[in-house]
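First up is the structure itself, then whatever we jot down about it.
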Amino acid sequence: MHHSTAAQVLCRDHKHFLCTECLIENKHAGCSLRQLRDMTSKADAVLLDFLVLEHLGCRKMYNWFMLRDRIEIEKNNVASHMEFALNKIEKRLEVMLKKEAECMADDIGRAASLSTVLSETITLENTMELLTSNIRELLELEKAASTHRSVRNDDGAKTPRRIKGVDFEVFIESKRQAKEILTHMKDETRRPVAHLELAGALKDICTGRRKIFGKSSLDVKPVAIGPN
Ligand SMILES: [Zn+2]
Ligand SMILES: [Zn+2]
């Protein structure tokens with residue numbers, strides 16, 4: 001059946017029709033062969049018809065199985081594409097998130113400076129630093145003066161307006177500034193709450209409103225399949 005020349009012989013073992021070229025190839029050397037021209041009985045005719053039908057059936061089965069296998073391959077291809085798309089979406093989302101995180105830090109920072117939180121905090125820190133250093137200095141001066149007094153047994157003396165080499169006006173000015181700042185700064189009772197508003201499409205995915213990942217379809221086109 002595979003050569004252009006007409007079949008001459010039936011190989012009983014392989015159920016193959018062989019032409020002269022097949023016989024020259026000698027692939028059925030040990031097989032049980034029979035000349036077709038000798039197969040003339042009714043039973044022979046039916047047998048030959050069956051064999052021809054079986055060949056036809058085999059060829060069709062091959063094509064249909066091939067088609068079925070290719071559909072399976074196509075199915076796997078689409079599954080791979082879906083995985084690939086998911087991967088790509090994840091990567092894009094990561095890039096978007098990173099960018100948004102930077103914007104978010106800027107936006108919240110800007111909002112914070114508008115609400116004077118940062119500037120007031122800095123003012124408070126500076127004021128506290130000023131207080132701490134003034135207090136430390138005065139404590140040292142006070143300690144030195146009291147040691148001095150006890151040595152000289154000078155009980156009940158008033159704190160001197162001026163300890164040798166110390167200008168109290170500087171302390172008094174610092175105190176005035178600190179008092180001014182602390183009395184005018186209001187007590188902070190607000191509580192910050194930051195929000196994230198997801199983009200519409202992403203929100204729809206998160207809430208499950210958007211359910212369809214994509215749509216797959218199979219198109220069986222009429223193309224030549226098989227070895228014929
Ligand atoms: Zn042949
Ligand atoms: Zn054979």
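Note on naming: chains are A, B, ... as they come in the structure tokens, residues start from 1 per chain, ligands start from 1 in the order shown.
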Write out as a PyMOL selection string the residues lying within 9 Å of region 122-125 of chain A, counting only C-alpha atoms and excluding same-chain residues fewer than 5 positions away.
chain A and resi 117+130+181-182+185
Residues of the last selection are to be written out with C-alpha atoms, as a PDB file, in the first residue's frame.
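So the final result, stored in out-v1.pdb, reads:
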```
ATOM      1  CA  VAL A 117       3.919  67.450  62.863  1.00  0.00           C
ATOM      2  CA  LEU A 130      18.133  73.622  75.479  1.00  0.00           C
ATOM      3  CA  ILE A 181       7.493  77.770  73.149  1.00  0.00           C
ATOM      4  CA  LEU A 182       6.100  75.284  75.656  1.00  0.00           C
ATOM      5  CA  MET A 185       2.481  74.788  71.808  1.00  0.00           C
TER       6      MET A 185
END
```
Show me, as a tab-separated table, the residues of chain A having an atom within 12 Å of ligand 1, each with the closest atom pair and its distance in Å, using only C-alpha atoms and all ligand atoms.
```
residue	atom	partner	partner_atom_place_in_ligand_line	distance
A:Met1	CA	ligand 1	1 (Zn)	6.2
A:His2	CA	ligand 1	1 (Zn)	5.5
A:His3	CA	ligand 1	1 (Zn)	4.4
A:Ser4	CA	ligand 1	1 (Zn)	7.4
A:Thr5	CA	ligand 1	1 (Zn)	6.8
A:Ala6	CA	ligand 1	1 (Zn)	7.7
A:Ala7	CA	ligand 1	1 (Zn)	6.7
A:Gln8	CA	ligand 1	1 (Zn)	8.8
A:Val9	CA	ligand 1	1 (Zn)	9.5
A:Leu10	CA	ligand 1	1 (Zn)	10.8
A:Cys11	CA	ligand 1	1 (Zn)	11.5
A:His16	CA	ligand 1	1 (Zn)	9.2
A:Phe17	CA	ligand 1	1 (Zn)	7.4
A:Leu18	CA	ligand 1	1 (Zn)	4.8
A:Cys19	CA	ligand 1	1 (Zn)	4.0
A:Thr20	CA	ligand 1	1 (Zn)	6.3
A:Glu21	CA	ligand 1	1 (Zn)	5.0
A:Cys22	CA	ligand 1	1 (Zn)	4.0
A:Leu23	CA	ligand 1	1 (Zn)	7.3
A:Ile24	CA	ligand 1	1 (Zn)	8.9
A:Glu25	CA	ligand 1	1 (Zn)	8.6
A:Asn26	CA	ligand 1	1 (Zn)	10.4
A:Lys27	CA	ligand 1	1 (Zn)	10.5
A:His28	CA	ligand 1	1 (Zn)	11.2
```
Residues near region 74-81 of chain A, anyone? I mean within 12 Å using only C-alpha atoms, not counting same-chain ones fewer than 6 positions away, as a short mmCIF file (atom, residue, chain, number, x, y, z; two decimals) with C-alpha atoms, in the first residue's frame.
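Done, and the output landed in result-v3.cif:
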```cif
data_model
loop_
_atom_site.label_atom_id
_atom_site.label_comp_id
_atom_site.auth_asym_id
_atom_site.auth_seq_id
_atom_site.Cartn_x
_atom_site.Cartn_y
_atom_site.Cartn_z
CA LEU A 67 -5.71 15.01 16.32
CA ARG A 68 -6.64 13.95 19.86
CA ASN A 87 4.15 35.27 36.26
CA LYS A 88 4.26 38.40 34.14
CA PHE A 213 -8.46 35.34 34.07
CA GLY A 214 -8.88 34.91 30.32
CA LYS A 215 -10.86 32.96 27.79
CA SER A 216 -9.53 29.86 26.06
CA SER A 217 -10.95 28.36 22.91
CA LEU A 218 -10.12 25.55 20.51
CA ASP A 219 -10.23 26.02 16.78
CA VAL A 220 -9.96 22.79 14.76
#
```
In region 13-152 of chain A, what's strand (DSSP E or B) per DSSP? Answer as a list of chain:residue names?
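Across region 13-152 of chain A, those assigned strand (DSSP E or B) are A:His16, A:Phe17, A:Leu18, A:Leu33, A:Arg34, A:Gln35.
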I need the chosen residues saved as a short mmCIF file (atom, residue, chain, number, x, y, z; two decimals), in the first residue's frame, with C-alpha atoms.
```cif
data_model
loop_
_atom_site.label_atom_id
_atom_site.label_comp_id
_atom_site.auth_asym_id
_atom_site.auth_seq_id
_atom_site.Cartn_x
_atom_site.Cartn_y
_atom_site.Cartn_z
CA HIS A 16 0.75 -6.35 4.83
CA PHE A 17 0.24 -6.18 1.09
CA LEU A 18 3.63 -6.25 -0.60
CA LEU A 33 3.68 -15.04 2.04
CA ARG A 34 0.96 -15.72 -0.49
CA GLN A 35 0.55 -14.53 -4.07
#
```
So that I can check the surroundings of Gln177 (chain A), please list as JSON, numbers by chain every protein, DNA and RNA residue that reaches within 12 Å of it, counting only C-alpha atoms and ignoring chain neighbours fewer than 6 positions away.
{"A": [123, 124, 126, 127, 128, 130, 131, 170, 171, 183, 184]}
So that I can see what lies close to Ala199 (chain A), please list as a PyMOL selection string the residues with an atom at most 12 Å from it, counting only C-alpha atoms and leaving out residues fewer than 4 positions away in the same chain.
chain A and resi 93+96-97+100+203-206
Using only C-alpha atoms and all ligand atoms, which of A:Val166, A:Val193, A:Ala29, A:Ala178 sits nearest ligand 2?
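Among the listed residues, A:Ala29 lies closest to ligand 2.
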Please identify which residues in region 10-148 of chain A DSSP calls alpha helix (DSSP H) from the backbone, and express them as a VMD selection string.
chain A and resid 20 to 25 42 to 114 117 to 148
